[in-house]
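A.B. asks: Structure file data-v1.txt (compact mmCIF, C-alpha atoms) right here:
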# COMPACT_ATOMS: atom_id res chain seq x y z
CA MET A 1 234.38 60.15 156.68
CA SER A 2 230.69 59.80 156.00
CA ARG A 3 228.32 62.64 155.19
CA ARG A 4 226.49 62.30 158.49
CA ILE A 5 229.64 62.80 160.53
CA LYS A 6 230.63 65.84 158.44
CA LYS A 7 227.18 67.33 158.93
CA ARG A 8 227.43 66.89 162.72
CA ILE A 9 230.86 68.54 162.77
CA VAL A 10 229.56 71.48 160.75
CA GLU A 11 226.53 71.83 163.04
CA LYS A 12 228.70 71.77 166.18
CA THR A 13 231.06 74.44 164.89
CA SER A 14 228.18 76.61 163.77
CA LYS A 15 226.61 76.38 167.26
CA LYS A 16 229.94 77.38 168.80
CA ASP A 17 230.20 80.27 166.36
CA THR A 18 226.68 81.38 167.21
CA ILE A 19 227.35 81.26 170.94
CA ALA A 20 230.63 83.16 170.51
CA PHE A 21 228.87 85.78 168.39
CA ILE A 22 226.10 86.23 170.97
CA ILE A 23 228.65 86.62 173.77
CA LYS A 24 230.55 89.24 171.74
CA VAL A 25 227.40 91.21 170.99
CA ILE A 26 226.30 91.16 174.63
CA SER A 27 229.76 92.24 175.84
CA ILE A 28 229.90 95.10 173.30
CA ILE A 29 226.44 96.34 174.31
CA LEU A 30 227.41 96.08 177.98
CA CYS A 31 230.64 97.92 177.18
CA LEU A 32 228.78 100.82 175.52
CA ILE A 33 226.35 101.16 178.43
CA SER A 34 229.24 100.95 180.89
CA PHE A 35 231.22 103.57 178.98
CA ILE A 36 228.37 106.08 179.17
CA TYR A 37 227.94 105.32 182.89
CA VAL A 38 231.67 105.73 183.58
CA ILE A 39 231.92 109.04 181.73
CA ARG A 40 228.85 110.40 183.51
CA HIS A 41 230.02 109.42 186.98
CA TYR A 42 233.62 110.50 186.43
CA HIS A 43 232.59 114.00 185.36
CA ASN A 44 229.65 114.57 187.70
CA PHE A 45 229.64 112.50 190.85
CA VAL A 46 232.79 110.66 191.96
CA ILE A 47 236.06 112.32 192.88
CA VAL A 48 238.73 109.99 191.52
CA LYS A 49 241.93 110.64 189.60
CA PHE A 50 242.05 109.72 185.93
CA GLU A 51 245.25 107.70 186.47
CA PHE A 52 243.36 105.43 188.84
CA LEU A 53 240.81 104.65 186.12
CA LEU A 54 243.67 103.82 183.74
CA TYR A 55 245.02 101.36 186.30
CA ILE A 56 241.60 99.69 186.46
CA TYR A 57 241.59 99.41 182.65
CA LEU A 58 245.07 97.87 182.61
CA ILE A 59 244.40 95.41 185.41
CA ALA A 60 241.14 94.26 183.79
CA GLY A 61 242.97 93.81 180.48
CA LEU A 62 245.76 91.83 182.14
CA ILE A 63 243.24 89.58 183.87
CA PHE A 64 240.84 88.93 180.98
CA GLY A 65 243.37 89.02 178.13
CA PRO A 66 245.17 85.75 178.89
CA LEU A 67 241.88 84.02 179.79
CA PHE A 68 240.50 84.31 176.26
CA TYR A 69 243.79 84.46 174.34
CA LYS A 70 244.11 80.75 173.54
CA TYR A 71 240.48 80.38 172.49
CA GLN A 72 240.59 83.45 170.24
CA LYS A 73 243.89 82.40 168.67
CA ASN A 74 242.50 78.94 167.83
CA TYR A 75 239.27 80.45 166.56
CA GLU A 76 240.84 83.00 164.18
CA GLY A 77 243.83 80.88 163.12
CA LYS A 78 246.31 82.65 160.84
CA ASN A 79 244.30 85.88 160.80
CA PHE A 80 244.84 86.42 164.54
CA LYS A 81 246.41 89.77 165.47
CA SER A 82 247.57 90.07 169.08
CA VAL A 83 247.60 93.88 169.16
CA ASN A 84 244.00 94.19 167.98
CA TYR A 85 242.93 91.46 170.38
CA PHE A 86 244.51 93.06 173.47
CA ALA A 87 243.29 96.56 172.49
CA SER A 88 239.71 95.31 172.25
CA ILE A 89 240.05 93.39 175.53
CA LEU A 90 241.36 96.53 177.27
CA ILE A 91 238.50 98.65 175.97
CA VAL A 92 235.66 96.20 176.56
CA TYR A 93 236.60 94.64 179.88
CA GLY A 94 238.32 97.78 181.20
CA THR A 95 235.14 99.78 180.73
CA ILE A 96 233.02 97.08 182.34
CA ALA A 97 235.47 96.91 185.28
CA CYS A 98 235.37 100.72 185.73
CA ALA A 99 231.57 100.68 185.72
CA SER A 100 231.61 97.88 188.30
CA PHE A 101 234.00 99.96 190.42
CA PHE A 102 231.67 102.99 190.31
CA LEU A 103 228.57 100.88 191.01
CA ALA A 104 230.20 99.21 194.01
CA ASN A 105 231.52 102.54 195.30
CA GLU A 106 228.06 104.08 195.21
CA TYR A 107 225.63 101.31 196.10
CA LEU A 108 227.63 99.34 198.66
CA SER A 109 228.49 102.45 200.68
CA THR A 110 227.08 102.65 204.20
CA ASN A 111 228.86 105.85 205.23
CA THR A 112 227.06 108.93 206.47
CA GLU A 113 226.68 112.12 204.50
CA TYR A 114 228.53 115.32 205.40
CA VAL A 115 228.70 118.86 204.04
CA VAL A 116 231.85 120.60 202.80
CA VAL A 117 231.88 124.36 202.26
CA SER A 118 234.39 125.36 199.61
CA PRO A 119 235.19 128.66 197.92
CA ILE A 120 234.37 128.84 194.24
CA PHE A 121 237.61 129.26 192.28
CA GLU A 122 236.20 129.54 188.77
CA LYS A 123 232.76 130.01 187.24
CA HIS A 124 232.02 128.80 183.71
CA GLU A 125 229.02 129.88 181.70
CA SER A 126 227.15 127.28 179.72
CA TYR A 127 227.89 126.94 176.04
CA LYS A 128 225.09 125.73 173.78
CA ARG A 129 223.66 122.64 175.56
CA SER A 130 226.30 122.23 178.28
CA PRO A 131 225.39 123.23 181.86
CA ASN A 132 226.95 126.01 183.92
CA SER A 133 229.84 124.81 186.06
CA ILE A 134 232.03 125.88 188.95
CA VAL A 135 235.47 124.77 190.10
CA VAL A 136 235.84 124.00 193.82
CA GLN A 137 238.36 122.23 196.00
CA ILE A 138 237.16 119.08 197.73
CA GLU A 139 239.54 117.18 199.99
CA GLY A 140 242.60 118.66 198.30
CA THR A 141 241.39 118.00 194.74
CA LYS A 142 240.08 120.67 192.39
CA LYS A 143 236.85 119.45 190.83
CA GLU A 144 234.59 120.97 188.21
CA ILE A 145 230.95 120.54 189.19
CA ASN A 146 228.02 121.05 186.83
CA ILE A 147 225.34 123.34 188.24
CA HIS A 148 221.89 122.74 186.74
CA ASN A 149 219.65 124.59 189.20
CA TYR A 150 221.17 128.06 188.75
CA ASP A 151 221.65 130.26 185.72
CA PHE A 152 224.96 132.08 185.27
CA LYS A 153 223.70 135.43 186.65
CA GLU A 154 222.85 133.70 189.93
CA ILE A 155 226.13 131.80 190.00
CA SER A 156 228.15 135.01 189.55
CA MET A 157 226.64 136.40 192.81
CA TYR A 158 227.75 133.44 194.96
CA ASN A 159 231.24 132.92 196.42
CA PHE A 160 230.94 129.55 198.17
CA ALA A 161 229.49 126.13 197.46
CA GLU A 162 227.97 123.79 200.03
CA ILE A 163 228.59 120.30 198.76
CA LYS A 164 226.90 117.26 200.30
CA ILE A 165 229.32 114.33 200.10
CA LYS A 166 229.31 110.68 201.10
CA LYS A 167 232.33 108.41 201.26
CA GLY A 168 231.88 105.50 198.91
CA TYR A 169 232.57 101.83 199.49
CA TRP A 170 236.14 102.20 198.19
CA ASN A 171 236.55 105.48 200.17
CA PHE A 172 236.24 107.69 197.11
CA PRO A 173 233.96 110.68 197.78
CA ILE A 174 230.60 110.83 196.00
CA ILE A 175 229.00 114.24 195.36
CA LEU A 176 225.32 114.04 196.24
CA GLU A 177 224.14 117.65 196.07
CA THR A 178 225.53 121.13 195.50
CA LYS A 179 224.08 124.39 196.83
CA LEU A 180 225.57 127.82 196.37
CA SER A 181 225.90 130.40 199.17
CA ILE A 182 227.17 133.98 199.50
CA SER A 183 229.26 133.39 202.62
CA LYS A 184 230.44 130.56 204.84
Please render this file's structure as structure tokens.
C.D. replies:
Amino acid sequence: MSRRIKKRIVEKTSKKDTIAFIIKVISIILCLISFIYVIRHYHNFVIVKFEFLLYIYLIAGLIFGPLFYKYQKNYEGKNFKSVNYFASILIVYGTIACASFFLANEYLSTNTEYVVVSPIFEKHESYKRSPNSIVVQIEGTKKEINIHNYDFKEISMYNFAEIKIKKGYWNFPIILETKLSISK
């Protein structure tokens, strides 16, 4: 084989490596942003069970894992480890899929807003930088809601919470606003 042909082969593989590296970096950055978004929405806005999010992670991993398996195995050769590969696929694409689920649930929803009045079961005072929170029951599910507009002395006087809710695109409730009241 001549030197020119070897140089072309080396250039082609280095371009493929560069493209693969750029795709990995973009997917990791997207994964980190998605992870922060998912955590924020799961704890503050959307009423969804944690098991459901695990199912989304697993399904995304089962869909994207086999798609990239052959390419990654050829790329890494003998150093390929299936367990590490599938763990990273579950984390990266599962997080992106969960963020897509939350985005679609919120922004594609055309349902009307309604108000639910619920008794406050528990009141939690803020600790260091965390906000005050209350525990209420919304549609049969106990949910801890962060309360930013009230300090704990005000929260301790109230017995009920008026929660403005909207059904999302996937029919999971989205908490829009929370007001506290003394009575129904």
A.B. asks: Between CA of Glu122 (chain A) and CA of Arg40 (chain A), measure the distance and give it in Å to one decimal.
C.D. replies: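 CA of Arg40 (chain A) lies 21.2 Å from CA of Glu122 (chain A).
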A.B. asks: Excluding Gln72 (chain A) and any residue of its chain fewer than 3 positions from it, enumerate the residues within 10 Å of it, using only C-alpha atoms, and give them as a ChimeraX atom specification.
C.D. replies: /A:20,67-69,75-77,80-82,85
A.B. asks: To one decimal in Å, tell me the separation between CA of Ile155 (chain A) and CA of Ile47 (chain A).
C.D. replies: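 Separation of CA of Ile155 (chain A) and CA of Ile47 (chain A): 22.1 Å.
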A.B. asks: For region 98-110 of chain A, work out the shell of residues within 7 Å, counting all atoms listed in the file and skipping chain neighbours fewer than 6 positions away, then give it as a list in words.
C.D. replies: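 My list of contacting residues is Ser34, Tyr37, Val38, Leu53, Ile56, Gly168, Tyr169 and Trp170 of chain A.
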A.B. asks: For region 27-31 of chain A, work out the shell of residues within 9 Å, counting all atoms listed in the file and skipping chain neighbours fewer than 5 positions away, then give it as a PDB file with C-alpha atoms, in the frame of the given file.
C.D. replies:
ATOM      1  CA  ILE A  22     226.100  86.230 170.970  1.00  0.00           C
ATOM      2  CA  ILE A  36     228.370 106.080 179.170  1.00  0.00           C
ATOM      3  CA  ILE A  91     238.500  98.650 175.970  1.00  0.00           C
ATOM      4  CA  VAL A  92     235.660  96.200 176.560  1.00  0.00           C
ATOM      5  CA  TYR A  93     236.600  94.640 179.880  1.00  0.00           C
ATOM      6  CA  GLY A  94     238.320  97.780 181.200  1.00  0.00           C
ATOM      7  CA  THR A  95     235.140  99.780 180.730  1.00  0.00           C
ATOM      8  CA  ILE A  96     233.020  97.080 182.340  1.00  0.00           C
TER       9      ILE A  96
END
A.B. asks: Considering all atoms listed in the file, state which residue in the set A:Asp151, A:Glu162, A:Glu113, A:Asp17 is at the smallest distance from Ser130 (chain A).
C.D. replies: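 For Ser130 (chain A), the nearest of the candidates is A:Asp151.
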A.B. asks: Quick check, in Å to one decimal: how far apart do CA of Ala97 (chain A) and CA of Leu62 (chain A) lie?
C.D. replies: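 Spanning CA of Ala97 (chain A) to CA of Leu62 (chain A) is a straight-line distance of 11.9 Å.
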A.B. asks: Under the rule that only C-alpha atoms are counted, which of A:Asn74, A:Ser181, A:Asn159, A:Ser88 is the nearest residue to Val135 (chain A)?
C.D. replies: A:Asn159
A.B. asks: If you count all atoms listed in the file, which residues fall within 10 Å of Lys166 (chain A), apart from same-chain ones fewer than 6 positions away, as a list in words?
C.D. replies: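 After dropping sequence-adjacent residues, the list is Val46, Glu106, Ser109, Thr110, Asn111, Thr112, Glu113, Tyr114, Val115, Phe172, Pro173, Ile174, Ile175 and Leu176 of chain A.
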